[in-house]
>>> print(open('input.txt').read())   # compact mmCIF, C-alpha atoms
# COMPACT_ATOMS: atom_id res chain seq x y z
CA MET A 16 103.99 99.16 -43.19
CA GLU A 17 103.98 96.01 -45.29
CA ILE A 18 107.35 94.46 -45.89
CA GLU A 19 107.65 91.80 -48.55
CA SER A 20 108.59 88.40 -47.16
CA ALA A 21 112.24 87.58 -47.65
CA TYR A 22 111.21 84.02 -48.46
CA SER A 23 110.42 83.37 -52.09
CA ALA A 24 107.19 81.66 -53.10
CA GLU A 25 109.26 78.58 -53.94
CA THR A 26 110.84 78.55 -50.47
CA LEU A 27 107.50 78.96 -48.76
CA ALA A 28 106.10 76.09 -50.87
CA TYR A 29 109.08 73.94 -49.89
CA LEU A 30 108.57 74.73 -46.21
CA ALA A 31 104.87 73.90 -46.50
CA THR A 32 105.75 70.57 -48.10
CA TYR A 33 108.33 69.86 -45.42
CA ASN A 34 105.83 70.64 -42.69
CA SER A 35 103.30 68.26 -44.19
CA THR A 36 105.60 65.36 -45.05
CA GLY A 37 108.27 65.55 -42.37
CA PRO A 38 112.00 65.00 -42.73
CA CYS A 39 113.77 63.62 -45.78
CA ARG A 40 113.33 59.93 -46.44
CA PRO A 41 116.53 59.00 -48.24
CA ASP A 42 116.42 56.68 -51.23
CA LYS A 43 119.99 55.64 -51.98
CA SER A 44 118.88 53.83 -55.12
CA LEU A 45 118.83 57.29 -56.68
CA VAL A 46 122.63 57.53 -56.31
CA THR A 47 123.77 56.58 -59.79
CA ASP A 48 127.19 58.25 -59.97
CA ASP A 49 130.13 59.12 -57.72
CA ARG A 50 129.50 62.83 -57.26
CA VAL A 51 129.69 63.97 -53.63
CA ILE A 52 129.09 67.05 -51.52
CA THR A 53 132.48 68.45 -50.47
CA LEU A 54 132.40 70.82 -47.51
CA GLN A 55 135.17 73.08 -46.28
CA GLY A 56 134.64 73.30 -42.54
CA VAL A 57 132.12 75.22 -40.44
CA HIS A 58 130.82 78.66 -41.41
CA HIS A 59 128.58 79.08 -38.38
CA SER A 60 126.97 77.05 -35.66
CA ALA A 61 123.90 78.87 -34.36
CA ARG A 62 121.51 78.84 -31.44
CA PRO A 63 118.95 81.28 -30.02
CA THR A 64 119.41 83.44 -26.95
CA TRP A 65 117.05 85.36 -24.72
CA LYS A 66 119.96 86.72 -22.64
CA LEU A 67 121.65 89.16 -24.98
CA ARG A 68 123.89 91.08 -22.58
CA ALA A 69 125.03 88.00 -20.71
CA THR A 70 125.75 86.18 -23.97
CA VAL A 71 127.73 89.03 -25.49
CA GLU A 72 129.69 89.62 -22.32
CA PHE A 73 130.45 85.93 -21.93
CA TYR A 74 131.69 85.26 -25.44
CA ARG A 75 133.13 88.66 -26.40
CA ASP A 76 134.45 89.99 -23.12
CA ILE A 77 135.27 86.94 -20.99
CA LEU A 78 136.25 84.38 -23.62
CA GLY A 79 137.57 87.08 -25.92
CA LEU A 80 135.93 85.92 -29.14
CA LYS A 81 135.83 88.83 -31.55
CA LEU A 82 132.38 89.92 -32.71
CA LEU A 83 132.54 89.80 -36.52
CA HIS A 84 129.08 90.76 -37.66
CA CYS A 85 125.60 91.56 -36.41
CA ILE A 86 122.48 91.55 -38.57
CA ALA A 87 119.41 93.46 -37.36
CA ALA A 88 116.51 92.38 -39.56
CA LYS A 89 112.90 93.54 -39.76
CA GLY A 90 110.13 91.72 -41.60
CA TRP A 91 112.14 88.62 -42.45
CA GLY A 92 110.49 85.28 -43.00
CA PRO A 93 106.93 84.04 -43.08
CA PRO A 94 104.11 85.90 -41.32
CA GLY A 95 104.60 85.97 -37.57
CA HIS A 96 108.39 85.69 -37.73
CA ALA A 97 109.86 87.99 -35.05
CA ASP A 98 112.34 90.69 -35.97
CA PHE A 99 115.77 89.64 -34.82
CA LEU A 100 119.47 90.06 -34.40
CA HIS A 101 121.81 87.44 -35.87
CA PHE A 102 125.37 87.90 -34.69
CA PHE A 103 128.60 86.05 -35.15
CA PHE A 104 131.66 85.47 -32.95
CA ASP A 105 134.97 84.46 -34.47
CA THR A 106 135.86 80.86 -33.62
CA GLY A 107 138.85 80.64 -35.93
CA ARG A 108 139.74 79.51 -39.44
CA GLY A 109 136.65 81.06 -40.97
CA SER A 110 134.20 79.49 -38.53
CA THR A 111 131.83 81.39 -36.28
CA LEU A 112 129.54 80.83 -33.33
CA ALA A 113 126.27 82.59 -34.07
CA PHE A 114 123.23 83.59 -32.07
CA PHE A 115 119.72 84.72 -32.86
CA TYR A 116 117.98 87.20 -30.58
CA TYR A 117 114.26 87.54 -31.34
CA LEU A 118 112.95 90.92 -30.31
CA GLY A 119 109.86 91.06 -28.14
CA THR A 120 109.65 87.31 -27.55
CA ASP A 121 109.74 85.12 -24.47
CA GLN A 122 111.79 81.98 -24.44
CA PRO A 123 109.35 79.12 -25.12
CA GLU A 124 109.38 76.34 -22.56
CA TRP A 125 110.36 73.88 -25.28
CA MET A 126 113.48 75.92 -26.05
CA LYS A 127 114.79 75.95 -22.49
CA PRO A 128 117.93 73.84 -22.04
CA VAL A 129 117.30 70.44 -20.52
CA TYR A 130 120.09 69.05 -18.39
CA HIS A 131 120.12 65.52 -19.67
CA TYR A 132 122.81 63.65 -21.58
CA MET A 133 120.49 63.18 -24.53
CA ALA A 134 119.86 66.92 -24.78
CA ASN A 135 123.60 67.56 -24.46
CA ALA A 136 124.13 65.49 -27.60
CA VAL A 137 123.26 68.68 -29.48
CA HIS A 138 126.45 70.67 -29.23
CA THR A 139 129.44 72.00 -31.11
CA ALA A 140 133.01 71.18 -30.09
CA TRP A 141 135.48 73.93 -30.93
CA ASN A 142 138.95 72.95 -31.99
CA VAL A 143 141.93 73.79 -29.77
CA PRO A 144 145.14 72.55 -31.38
CA THR A 145 147.14 71.55 -28.29
CA ARG A 146 146.65 70.27 -24.77
CA ALA A 147 148.81 73.13 -23.49
CA GLU A 148 146.37 75.65 -24.95
CA LEU A 149 143.43 73.77 -23.50
CA GLU A 150 145.08 73.94 -20.07
CA SER A 151 145.81 77.65 -20.41
CA PHE A 152 142.21 78.35 -21.47
CA LYS A 153 140.90 76.49 -18.42
CA ALA A 154 143.15 78.52 -16.14
CA LEU A 155 142.14 81.76 -17.83
CA LEU A 156 138.42 81.06 -17.69
CA GLU A 157 138.57 79.96 -14.07
CA SER A 158 140.47 83.15 -13.19
CA ARG A 159 137.54 85.03 -14.73
CA GLY A 160 134.98 83.17 -12.65
CA VAL A 161 133.83 80.64 -15.24
CA ALA A 162 133.25 77.15 -13.86
CA CYS A 163 135.04 74.62 -16.05
CA SER A 164 134.77 70.86 -16.20
CA ALA A 165 137.70 68.58 -15.59
CA PHE A 166 139.53 67.53 -18.74
CA THR A 167 137.63 64.64 -20.26
CA ARG A 168 139.63 62.10 -22.24
CA HIS A 169 137.51 60.62 -24.99
CA GLU A 170 138.72 58.03 -27.48
CA ILE A 171 140.77 60.33 -29.73
CA ILE A 172 139.99 63.79 -28.35
CA GLU A 173 140.35 65.53 -25.02
CA SER A 174 137.69 68.05 -24.03
CA LEU A 175 136.97 70.89 -21.65
CA TYR A 176 133.35 71.95 -21.07
CA VAL A 177 131.75 75.11 -19.78
CA LEU A 178 128.10 76.14 -19.62
CA ASP A 179 127.38 79.52 -21.15
CA PRO A 180 124.81 81.97 -19.70
CA ASN A 181 122.10 80.31 -21.77
CA GLY A 182 122.87 76.91 -20.34
CA TYR A 183 124.39 75.73 -23.60
CA VAL A 184 127.38 73.43 -23.47
CA PHE A 185 130.49 75.07 -24.92
CA GLU A 186 133.03 72.34 -25.62
CA MET A 187 136.65 72.95 -26.49
CA THR A 188 138.52 69.91 -27.72
CA THR A 189 142.01 68.82 -28.70
CA PRO A 190 142.48 65.83 -31.01
CA THR A 191 144.98 63.35 -29.60
CA ARG A 192 145.64 61.97 -33.07
CA ASP A 193 144.40 62.26 -36.61
CA THR A 194 141.79 59.82 -37.86
CA THR A 195 143.05 57.10 -40.21
CA GLU A 196 141.76 54.72 -42.85
CA VAL A 197 141.41 52.12 -40.08
CA ASP A 198 139.00 54.43 -38.24
CA ALA A 199 136.93 54.96 -41.38
CA VAL A 200 136.76 51.27 -42.27
CA ASP A 201 135.90 50.33 -38.72
CA GLY A 202 133.37 53.13 -38.35
CA ASN A 203 131.49 52.13 -41.48
CA LEU A 204 131.34 48.52 -40.33
CA THR A 205 130.05 49.62 -36.92
CA LEU A 206 127.29 51.69 -38.51
CA GLU A 207 126.40 48.88 -40.91
CA ALA A 208 126.08 46.47 -37.98
CA VAL A 209 123.77 48.80 -36.07
CA MET A 210 121.71 49.68 -39.15
CA GLN A 211 121.11 45.98 -39.71
CA LEU A 212 120.06 45.55 -36.09
CA GLU A 213 117.87 48.63 -36.33
CA ASP A 214 116.16 47.27 -39.45
CA GLU A 215 115.49 44.03 -37.62
CA ALA A 216 114.19 45.89 -34.56
CA PHE A 217 111.86 48.01 -36.68
CA ALA A 218 110.54 44.85 -38.34
CA ARG A 219 109.64 43.62 -34.85
CA SER A 220 108.07 47.04 -34.04
CA GLU A 221 110.81 47.75 -31.49
CA PRO A 222 112.15 51.30 -31.16
CA SER A 223 115.86 50.75 -31.81
CA ALA A 224 118.78 48.37 -31.83
CA SER A 225 118.90 47.27 -28.24
CA SER A 226 122.20 45.96 -26.97
CA MET A 227 125.92 46.56 -27.31
CA GLU A 228 126.52 42.83 -27.06
CA ALA A 229 124.35 42.28 -30.13
CA LEU A 230 126.17 45.07 -31.94
CA TRP A 231 129.61 43.71 -31.15
CA ARG A 232 128.48 40.23 -32.20
CA ARG A 233 127.08 41.48 -35.53
CA LYS A 234 130.17 43.59 -36.05
CA ARG A 235 132.31 40.48 -35.68
CA ASP A 236 130.30 38.79 -38.40
CA LEU A 237 130.74 41.76 -40.75
CA VAL A 238 134.46 42.13 -40.06
CA ALA A 239 135.07 38.42 -40.49
CA ALA A 240 133.10 38.44 -43.75
CA SER A 241 135.06 41.42 -45.04
CA MET A 242 138.33 39.66 -44.28
CA THR A 243 137.12 36.52 -46.05
CA ALA A 244 136.07 38.59 -49.04
CA LYS A 245 139.53 40.14 -49.20
CA GLY A 246 141.13 36.71 -48.92
CA MET B 70 135.70 29.83 -29.16
CA ILE B 71 136.26 33.50 -28.46
CA GLU B 72 137.04 35.73 -31.42
CA ALA B 73 137.79 39.41 -30.87
CA TYR B 74 138.75 41.99 -33.48
CA PHE B 75 140.81 44.99 -32.46
CA PRO B 76 141.19 47.86 -34.93
CA LYS B 77 144.84 48.61 -35.72
CA SER B 78 144.73 51.87 -33.78
CA PRO B 79 147.07 52.88 -30.97
CA GLU B 80 144.23 52.90 -28.45
CA TYR B 81 144.15 49.10 -28.56
CA ASP B 82 147.90 48.53 -28.15
CA PRO B 83 147.66 48.30 -24.34
CA VAL B 84 145.11 45.50 -24.38
CA LEU B 85 147.03 43.54 -27.00
CA ARG B 86 150.21 43.88 -24.90
CA TYR B 87 148.21 42.77 -21.86
CA LEU B 88 146.79 39.73 -23.61
CA GLU B 89 150.25 38.70 -24.81
CA LYS B 90 151.70 39.03 -21.33
CA HIS B 91 148.88 37.93 -19.04
CA GLN B 92 146.60 35.78 -21.20
CA SER B 93 149.13 33.69 -23.07
CA HIS B 94 146.47 31.22 -24.18
CA CYS B 95 145.26 33.88 -26.62
CA ARG B 96 146.30 33.53 -30.24
CA ILE B 97 147.07 36.93 -31.72
CA ASP B 98 147.05 37.32 -35.49
CA ARG B 99 148.46 40.62 -36.73
CA SER B 100 148.64 39.57 -40.36
CA ARG B 101 145.22 40.96 -41.40
CA ALA B 102 144.44 44.40 -42.77
CA TYR B 103 142.80 46.88 -40.39
CA TYR B 104 142.25 44.46 -37.49
CA THR B 105 144.28 42.34 -35.12
CA VAL B 106 142.39 39.13 -34.47
CA VAL B 107 142.51 37.48 -31.04
CA THR B 108 141.13 33.98 -30.55
CA SER B 109 140.94 31.79 -27.49
CA ASP B 110 139.37 28.48 -26.54
CA VAL B 111 139.22 29.39 -22.86
CA PRO B 112 137.92 32.48 -21.00
CA ILE B 113 139.68 35.82 -21.33
CA LEU B 114 140.09 37.94 -18.22
CA ILE B 115 141.22 41.55 -18.40
CA HIS B 116 142.05 43.62 -15.31
CA LYS B 117 141.84 47.33 -15.94
CA ARG B 118 144.48 48.12 -13.35
CA HIS B 119 147.06 46.31 -15.47
CA LEU B 120 146.28 48.36 -18.57
CA ARG B 121 147.50 51.82 -19.35
CA MET B 122 144.35 52.51 -21.27
CA ARG B 123 142.02 55.48 -21.32
CA THR B 124 138.75 54.81 -19.55
CA ALA B 125 136.91 55.84 -22.71
CA ASN B 126 138.71 53.11 -24.61
CA TRP B 127 137.98 50.54 -21.90
CA HIS B 128 134.31 51.10 -22.66
CA THR B 129 134.90 50.42 -26.37
CA MET B 130 137.01 47.32 -25.74
CA PHE B 131 135.18 45.08 -28.21
CA ALA B 132 133.90 47.71 -30.61
CA GLY B 133 135.87 45.99 -33.37
CA GLY B 134 133.67 42.93 -32.99
CA LEU B 135 133.33 40.06 -30.57
CA LYS B 136 132.19 36.49 -30.73
CA GLY B 137 132.00 35.40 -27.10
CA LYS B 138 129.85 35.70 -24.00
CA ILE B 139 130.53 38.73 -21.82
CA MET B 140 130.15 37.43 -18.28
CA ARG B 141 131.46 40.54 -16.53
CA PHE B 142 132.08 44.07 -17.78
CA ASP B 143 132.60 46.70 -15.11
CA MET B 144 135.20 49.33 -14.31
CA ASP B 145 137.65 46.75 -12.93
CA ILE B 146 137.32 43.53 -14.88
CA ILE B 147 136.16 42.18 -18.19
CA ARG B 148 135.57 38.45 -18.45
CA VAL B 149 134.57 36.77 -21.68
CA GLU B 150 133.79 33.12 -22.13
CA PRO B 151 133.74 31.07 -25.30
CA GLU B 152 130.52 31.10 -27.24
CA ASP B 153 128.88 27.81 -28.06
CA GLU B 154 129.67 26.82 -31.63
>>> encode(input="input.txt", output="structure tokens")
Amino acid sequence: MEIESAYSAETLAYLATYNSTGPCRPDKSLVTDDRVITLQGVHHSARPTWKLRATVEFYRDILGLKLLHCIAAKGWGPPGHADFLHFFFDTGRGSTLAFFYYLGTDQPEWMKPVYHYMANAVHTAWNVPTRAELESFKALLESRGVACSAFTRHEIIESLYVLDPNGYVFEMTTPTRDTTEVDAVDGNLTLEAVMQLEDEAFARSEPSASSMEALWRRKRDLVAASMTAKG
Amino acid sequence: MIEAYFPKSPEYDPVLRYLEKHQSHCRIDRSRAYYTVVTSDVPILIHKRHLRMRTANWHTMFAGGLKGKIMRFDMDIIRVEPEDE
């Protein structure tokens, strides 16, 4: 039975263009007004699974995240797209943790979790309002046989990590304070310093900005200049 | 001279208290917006054991900006020397 692709001709054309040209190359000279994109939190953060039962039992039955919705779709997408489940666990305040389960497929080697800090950079940290709750969650999960990390104190958050049955990092985090205007000003200056160093590295055919000492030195120059500009 | 910029965030209060108490040669200017500016004509030595500072923040000690030569930066001590003008 033929099922019409859920992707429109325009979408398929866009995907073909994307596949031939690669990611977006931003041109900020096209920004000619002050309109912005305003987002309202996370709807869903999604990843694939090839361990359906273990995933459902981990998130729904052990962690206790309510299953909100499960799509079972046939014939979606471009030719060759597997039929799939797409299901959503409640992570609070309108946000969900979602999974895809592709029927009749094997997990490709390139989709298998790699245990390396660079691979772990791809993650979602779920908000837990207080340290007391974070502690109670750790105790609960450990009582249910889930290995938990120690509490990790970052700059302005404190986190607890567990690995789910897929090998994905599940981070729960408590902010230790709200971010301020100082953080935003400082953060933009840090990024500007590194972007300048990156531009210079690219001009020398080097892969990236190379040293924290160089960053901190450039940052000093930018901060000092900004103070001079303000008088 | 050494010139270090510390964002006016509570994470940097311990090091500023430390510099006032243990590195009295440092000049500390709190009059600027967003950053406290520390300058010194002689080396600055910071012992982690004297700070009540998160380890994560120790690693971002000079993220606000630094003019100076880092001669040692490990889990116990940071030593910075003046940069040639």
>>> residues_around(input="input.txt", residues="stretch 108-118 of chain B", least_positions_apart="3", cutoff="8 Å", atoms="all atoms listed in the file", output="VMD selection string")
chain B and resid 70 to 73 87 to 88 92 94 to 97 121 to 122 127 144 to 151
>>> residues_around(input="input.txt", residues="stretch 222-229 of chain A", least_positions_apart="3", cutoff="9 Å", atoms="all atoms listed in the file", output="list in words")
Val209, Met210, Gln211, Leu212, Glu213, Asp214, Glu215, Ala216, Phe217, Arg219, Arg232, Arg233 and Lys234 of chain A; Ala132, Leu135, Lys138 and Ile139 of chain B
>>> atom_distance(input="input.txt", atom1="atom CA of A:Leu82", atom2="atom CA of A:Asp121")
24.6 Å
>>> residues_around(input="input.txt", residues="A:Ser174", least_positions_apart="6", cutoff="6 Å", atoms="all atoms listed in the file", output="list in words")
Phe166, Thr167, Met187 and Thr188 of chain A
>>> closest_residue(input="input.txt", among="B:Ser100, B:Tyr74, B:Asp153, B:Pro83", to="A:Arg235", atoms="only C-alpha atoms")
B:Tyr74
>>> atom_distance(input="input.txt", atom1="atom CA of B:Met130", atom2="atom CA of B:Glu89")
15.8 Å
>>> closest_residue(input="input.txt", among="A:Thr191, A:Asn203, A:Ser220, A:Ser60", to="B:Gly133", atoms="all atoms listed in the file")
A:Asn203
>>> axis_aligned_box(input="input.txt", around="stretch 144-152 of chain B", padding_each_side="3 Å", output="AutoDock Vina command-line options")
--center_x 134.1 --center_y 40.2 --center_z -20.1 --size_x 13.1 --size_y 24.3 --size_z 20.3
>>> interface_residues(input="input.txt", of="chain A", to="chain B", cutoff="12 Å", atoms="all atoms listed in the file", output="MDAnalysis selection string")
chainID A and resid 167:173 191:206 208:209 227:246
>>> residues_around(input="input.txt", residues="stretch 67-75 of chain A", least_positions_apart="4", cutoff="7 Å", atoms="only C-alpha atoms", output="PyMOL selection string")
chain A and resi 79-82+116+180
>>> write_last_selection(input="input.txt", atoms="C-alpha atoms", output="CSV table (one decimal), in the coordinates of the input")
chain,number,residue,atom,x,y,z
A,79,GLY,CA,137.6,87.1,-25.9
A,80,LEU,CA,135.9,85.9,-29.1
A,81,LYS,CA,135.8,88.8,-31.6
A,82,LEU,CA,132.4,89.9,-32.7
A,116,TYR,CA,118.0,87.2,-30.6
A,180,PRO,CA,124.8,82.0,-19.7
>>> atom_distance(input="input.txt", atom1="atom CA of A:Asn181", atom2="atom CA of A:Gly90")
25.8 Å
>>> closest_residue(input="input.txt", among="A:Val161, A:Ala113, A:Val46, A:Ala140", to="A:Ile77", atoms="all atoms listed in the file")
A:Val161
>>> residues_around(input="input.txt", residues="A:Ala88", least_positions_apart="5", cutoff="8 Å", atoms="only C-alpha atoms", output="PyMOL selection string")
chain A and resi 98-100
>>> closest_residue(input="input.txt", among="A:Ala31, A:Val184, A:Asp76, A:His131", to="A:Leu156", atoms="all atoms listed in the file")
A:Asp76
>>> decode(input="input.txt", residues="stretch 109-132 of chain B", atoms="N, CA and C atoms", output="short mmCIF file (atom, residue, chain, number, x, y, z; two decimals), in the first residue's frame")
data_model
loop_
_atom_site.label_atom_id
_atom_site.label_comp_id
_atom_site.auth_asym_id
_atom_site.auth_seq_id
_atom_site.Cartn_x
_atom_site.Cartn_y
_atom_site.Cartn_z
N SER B 109 48.38 44.74 40.53
CA SER B 109 49.54 44.52 41.40
C SER B 109 50.81 44.68 40.57
N ASP B 110 51.85 45.22 41.22
CA ASP B 110 53.14 45.34 40.55
C ASP B 110 54.06 44.17 40.86
N VAL B 111 53.62 43.33 41.79
CA VAL B 111 54.44 42.17 42.18
C VAL B 111 53.58 40.91 42.04
N PRO B 112 54.21 39.72 42.08
CA PRO B 112 53.43 38.49 41.87
C PRO B 112 52.27 38.32 42.84
N ILE B 113 51.24 37.65 42.36
CA ILE B 113 50.08 37.29 43.19
C ILE B 113 50.10 35.78 43.39
N LEU B 114 49.95 35.38 44.65
CA LEU B 114 49.95 33.97 45.00
C LEU B 114 48.63 33.64 45.71
N ILE B 115 47.96 32.64 45.22
CA ILE B 115 46.67 32.26 45.82
C ILE B 115 46.73 30.79 46.22
N HIS B 116 46.49 30.54 47.50
CA HIS B 116 46.44 29.16 48.00
C HIS B 116 44.98 28.72 48.10
N LYS B 117 44.66 27.64 47.45
CA LYS B 117 43.26 27.20 47.43
C LYS B 117 42.76 26.86 48.83
N ARG B 118 43.65 26.33 49.65
CA ARG B 118 43.20 25.89 50.97
C ARG B 118 42.70 27.06 51.83
N HIS B 119 43.11 28.27 51.48
CA HIS B 119 42.66 29.43 52.25
C HIS B 119 41.34 29.99 51.74
N LEU B 120 40.89 29.50 50.60
CA LEU B 120 39.65 30.02 50.02
C LEU B 120 38.49 29.11 50.38
N ARG B 121 37.35 29.68 50.56
CA ARG B 121 36.13 28.86 50.63
C ARG B 121 35.42 29.04 49.31
N MET B 122 35.98 28.38 48.32
CA MET B 122 35.56 28.60 46.94
C MET B 122 35.28 27.26 46.29
N ARG B 123 34.21 27.17 45.53
CA ARG B 123 33.94 25.94 44.81
C ARG B 123 35.09 25.61 43.87
N THR B 124 35.38 24.34 43.74
CA THR B 124 36.44 23.93 42.82
C THR B 124 36.14 24.41 41.40
N ALA B 125 34.88 24.34 41.00
CA ALA B 125 34.52 24.79 39.65
C ALA B 125 34.92 26.26 39.45
N ASN B 126 34.74 27.06 40.49
CA ASN B 126 35.07 28.47 40.37
C ASN B 126 36.59 28.72 40.44
N TRP B 127 37.30 27.85 41.12
CA TRP B 127 38.77 27.92 41.09
C TRP B 127 39.26 27.83 39.65
N HIS B 128 38.65 26.96 38.90
CA HIS B 128 39.08 26.76 37.51
C HIS B 128 38.73 27.94 36.61
N THR B 129 37.82 28.79 37.05
CA THR B 129 37.44 29.96 36.25
C THR B 129 37.97 31.25 36.89
N MET B 130 39.04 31.11 37.64
CA MET B 130 39.54 32.23 38.46
C MET B 130 39.70 33.52 37.66
N PHE B 131 40.27 33.43 36.46
CA PHE B 131 40.55 34.65 35.71
C PHE B 131 39.68 34.77 34.47
N ALA B 132 38.51 34.17 34.53
CA ALA B 132 37.62 34.21 33.37
C ALA B 132 37.13 35.63 33.08
#
